[in-house]
Amino acid sequence: MKLVIACAFALVLASAARADAYEEHDYILSCSGCHRMDGAGSNVVPSFEGLRELADRPGAREYWIRVPGAAQAPLSNARLAALMNWLLERFTGKAPAPPYSAEEVSRLRSKPLRDPIAERRRILAPN
Amino acid sequence: MSRLDRWFEGLSRQSARRVSRRNWLSRFGGVLVGGATLPLLPVARAAEKHTVGEDGVKGRQGDPTRCEYWRHCAIDGFLCSCCGGSHTACPPGTEMSPVTWIGTCRNPADGKDYIISYNDCCGKTFCGRCMCNRNEGERPLYHWYRNNDLNWCGGAKTQTYSCSTAIVVKTAKEAQPEK
């Protein structure tokens with residue numbers, strides 16, 4: 001009986017935690033219009049599949065927050081950090097380690113990229 | 001088992017003795033026609049208002065061909081429901097643009113906010129019927145992901161704008177920040 005009560009309590013806690021999660025809502029409202037629900041993009045917007053080739057490269061972590069779509073999104077630093085942790089895990093298969101914090105996001109988005117395409121090329125260039 | 005057989009046999013013999021074939025036919029016909037006309041009564045139509053709509057949203061559906069319809073809260077364009085399509089489907093001969101702008105609208109029937117995707121239909125010349133320009137929560141061009149003056153047909157094969165849809169994506173956790 002005690003176990004059942006403990007399980008029920010854990011379930012209630014887990015559902016309460018999910019109720020505070022805005023990642024999917026923020027993705028739909030602030031990303032999916034252009035990048036599409038499945039992240040495939042279109043002939044005018046890059047696909048999130050392209051995130052994979054940047055993963056693990058030096059500079060990618062900073063670049064992902066400084067790109068216009070992320071830096072200018074109408075989201076608080078904490079919500080943008082949570083969204084990017086969720087989004088990167090979804091599209092690269094690996095959550096950023098350590099996860100983005102609100103402070104890190106605040107610092108990075110205050111320095112938006114003047115030329116995101118050039119920065120992406122620089123990150124991908126062989127050393 | 002045989003008891004059930006006997007009971008049914010008795011029942012059918014009894015009804016065969018009592019009820020004429022024409023009587024049965026007229027009763028059966030009455031049930032068929034009556035059943036089909038029941039939803040035409042005003043009572044039945046009033047009850048329908050609280051059923052689930054075509055895309056699963058509960059509550060009063062309203063008239064999607066009117067600008068005042070709740071899902072059109074930030075639309076700017078011709079309503080596809082007046083142009084041979086519907087508020088969720090493009091008219092024949094047009095293609096739905098894959099990129100779109102997204103906002104939230106409040107459904108007055110349940111007081112909840114819903115995420116609405118205003119996908120444009122592209123490929124035929126502009127429809128010209130049911131122009132609707134409400135722009136609630138819309139922002140200027142420099143805030144492009146909440147702007148509807150852009151030609152969102154940019155992502156489609158042809159860039160000719162025809163009309164706009166208003167598709168419910170899902171329930172919103174809160175209204176969009178611009179409201």
# chains A, B, ... in the order shown; residues from 1 in each chain; ligands from 1
$ interface_residues --of "chain B" --to "chain A" --cutoff "8 Å" --atoms "only C-alpha atoms" --output "MDAnalysis selection string"
chainID B and resid 98:103 115 117 145 154:155 172:173 176:177
$ residues_around --residues "Trp86 in chain A" --least-positions-apart "6" --cutoff "9 Å" --atoms "only C-alpha atoms" --output "list of chain:residue names"
A:Glu23, A:Glu24, A:Ala95, A:Pro96
$ residues_around --residues "Arg107 in chain A" --least-positions-apart "3" --cutoff "10 Å" --atoms "only C-alpha atoms" --output "PyMOL selection string"
chain A and resi 62+65-66+77+102-104+110-111
$ write_last_selection --atoms "N, CA and C atoms" --output "CSV table (one decimal), in the first residue's frame"
chain,number,residue,atom,x,y,z
A,62,GLU,N,28.1,28.7,-28.5
A,62,GLU,CA,27.9,30.2,-28.5
A,62,GLU,C,27.0,30.6,-29.7
A,65,ILE,N,23.1,30.3,-29.7
A,65,ILE,CA,22.3,31.3,-29.0
A,65,ILE,C,22.4,32.7,-29.7
A,66,ARG,N,23.5,32.9,-30.4
A,66,ARG,CA,23.7,34.3,-31.0
A,66,ARG,C,23.0,34.4,-32.4
A,77,ASN,N,15.3,35.0,-20.8
A,77,ASN,CA,16.5,34.2,-20.8
A,77,ASN,C,16.3,32.8,-20.4
A,102,ALA,N,20.2,30.5,-17.7
A,102,ALA,CA,19.7,31.8,-18.1
A,102,ALA,C,20.8,32.8,-18.2
A,103,GLU,N,21.8,32.7,-17.3
A,103,GLU,CA,22.9,33.7,-17.3
A,103,GLU,C,23.7,33.6,-18.5
A,104,GLU,N,24.0,32.4,-18.9
A,104,GLU,CA,24.8,32.2,-20.2
A,104,GLU,C,24.1,32.7,-21.4
A,110,SER,N,23.2,39.0,-25.9
A,110,SER,CA,23.5,40.4,-25.9
A,110,SER,C,24.6,40.7,-26.9
A,111,LYS,N,25.2,39.7,-27.5
A,111,LYS,CA,26.2,39.9,-28.6
A,111,LYS,C,25.7,39.2,-29.9
$ closest_residue --among "A:Trp64, A:Phe48, A:Pro99, A:Ala55" --to "Pro116 in chain A" --atoms "only C-alpha atoms"
A:Trp64
$ atom_distance --atom1 "CA of Val168 in chain B" --atom2 "CA of His143 in chain B"
22.3 Å
$ select_by_dssp --residues "range 11-148 of chain B" --states "strand (DSSP E or B)" --output "list in words"
Val52, Lys58, Asp76, Gly77, Phe78, Leu79, Glu95, Met96, Ile102, Gly103, Thr104, Cys105, Arg106, Asn107, Lys112, Asp113, Tyr114, Ile115, Ile116, Ser117, Asp120, Cys121, Cys122, Met131, Cys132 and Asn133 of chain B
$ residues_around --residues "Asn148 in chain B" --least-positions-apart "6" --cutoff "9 Å" --atoms "only C-alpha atoms" --output "list in words"
Ala74, Ile75, Asp76, Gly77, Trp101, Tyr118, Asn135, Glu138, Arg139, Pro140 and Leu141 of chain B
$ closest_residue --among "A:Arg61, A:Ile123, A:Ala70, A:Leu108" --to "Tyr27 in chain A" --atoms "only C-alpha atoms"
A:Ala70
$ select_by_dssp --residues "chain B" --states "alpha helix (DSSP H)" --output "PyMOL selection string"
chain B and resi 2-18+21-37+42-48
$ residues_around --residues "Ser86 in chain B" --least-positions-apart "3" --cutoff "12 Å" --atoms "only C-alpha atoms" --output "ChimeraX atom specification"
/B:54,63-66,78-83,89-92,119-121,163-167
$ atom_distance --atom1 "CA of Tyr100 in chain A" --atom2 "CA of Ala82 in chain A"
7.3 Å
$ atom_distance --atom1 "CA of Lys112 in chain B" --atom2 "CA of Lys179 in chain B"
13.9 Å
$ residues_around --residues "Ser101 in chain A" --least-positions-apart "5" --cutoff "10 Å" --atoms "only C-alpha atoms" --output "mmCIF file with N, CA and C atoms, in the first residue's frame"
data_model
loop_
_atom_site.group_PDB
_atom_site.id
_atom_site.type_symbol
_atom_site.label_atom_id
_atom_site.label_comp_id
_atom_site.auth_asym_id
_atom_site.auth_seq_id
_atom_site.Cartn_x
_atom_site.Cartn_y
_atom_site.Cartn_z
ATOM 1 N N ASN A 77 15.297 34.960 -20.796
ATOM 2 C CA ASN A 77 16.547 34.189 -20.840
ATOM 3 C C ASN A 77 16.331 32.759 -20.350
ATOM 4 N N ALA A 78 15.553 32.607 -19.269
ATOM 5 C CA ALA A 78 15.336 31.270 -18.704
ATOM 6 C C ALA A 78 14.548 30.400 -19.677
ATOM 7 N N ARG A 79 13.520 30.979 -20.309
ATOM 8 C CA ARG A 79 12.701 30.203 -21.253
ATOM 9 C C ARG A 79 13.504 29.859 -22.501
ATOM 10 N N LEU A 80 14.355 30.784 -22.976
ATOM 11 C CA LEU A 80 15.175 30.501 -24.159
ATOM 12 C C LEU A 80 16.200 29.412 -23.832
ATOM 13 N N ALA A 81 16.780 29.450 -22.631
ATOM 14 C CA ALA A 81 17.746 28.414 -22.230
ATOM 15 C C ALA A 81 17.071 27.046 -22.223
ATOM 16 N N ALA A 82 15.883 26.970 -21.619
ATOM 17 C CA ALA A 82 15.156 25.690 -21.553
ATOM 18 C C ALA A 82 14.803 25.211 -22.958
ATOM 19 N N ASN A 85 17.958 23.904 -24.784
ATOM 20 C CA ASN A 85 18.366 22.592 -24.261
ATOM 21 C C ASN A 85 17.487 21.492 -24.842
ATOM 22 N N SER A 106 21.763 34.969 -21.438
ATOM 23 C CA SER A 106 21.698 36.429 -21.362
ATOM 24 C C SER A 106 22.991 37.048 -21.901
#
$ residues_around --residues "Ala118 in chain A" --least-positions-apart "6" --cutoff "12 Å" --atoms "only C-alpha atoms" --output "ChimeraX atom specification"
/A:63,67,124-125
$ write_last_selection --atoms "N, CA and C atoms" --output "CSV table (one decimal), in the first residue's frame"
chain,number,residue,atom,x,y,z
A,63,TYR,N,27.4,30.0,-30.9
A,63,TYR,CA,26.7,30.4,-32.1
A,63,TYR,C,25.2,30.1,-32.1
A,67,VAL,N,22.6,33.3,-33.0
A,67,VAL,CA,21.9,33.4,-34.3
A,67,VAL,C,20.6,34.3,-34.1
A,124,LEU,N,32.8,25.6,-39.2
A,124,LEU,CA,32.9,24.4,-40.0
A,124,LEU,C,34.2,24.2,-40.7
A,125,ALA,N,35.0,25.3,-40.8
A,125,ALA,CA,36.2,25.2,-41.6
A,125,ALA,C,37.2,24.3,-40.9
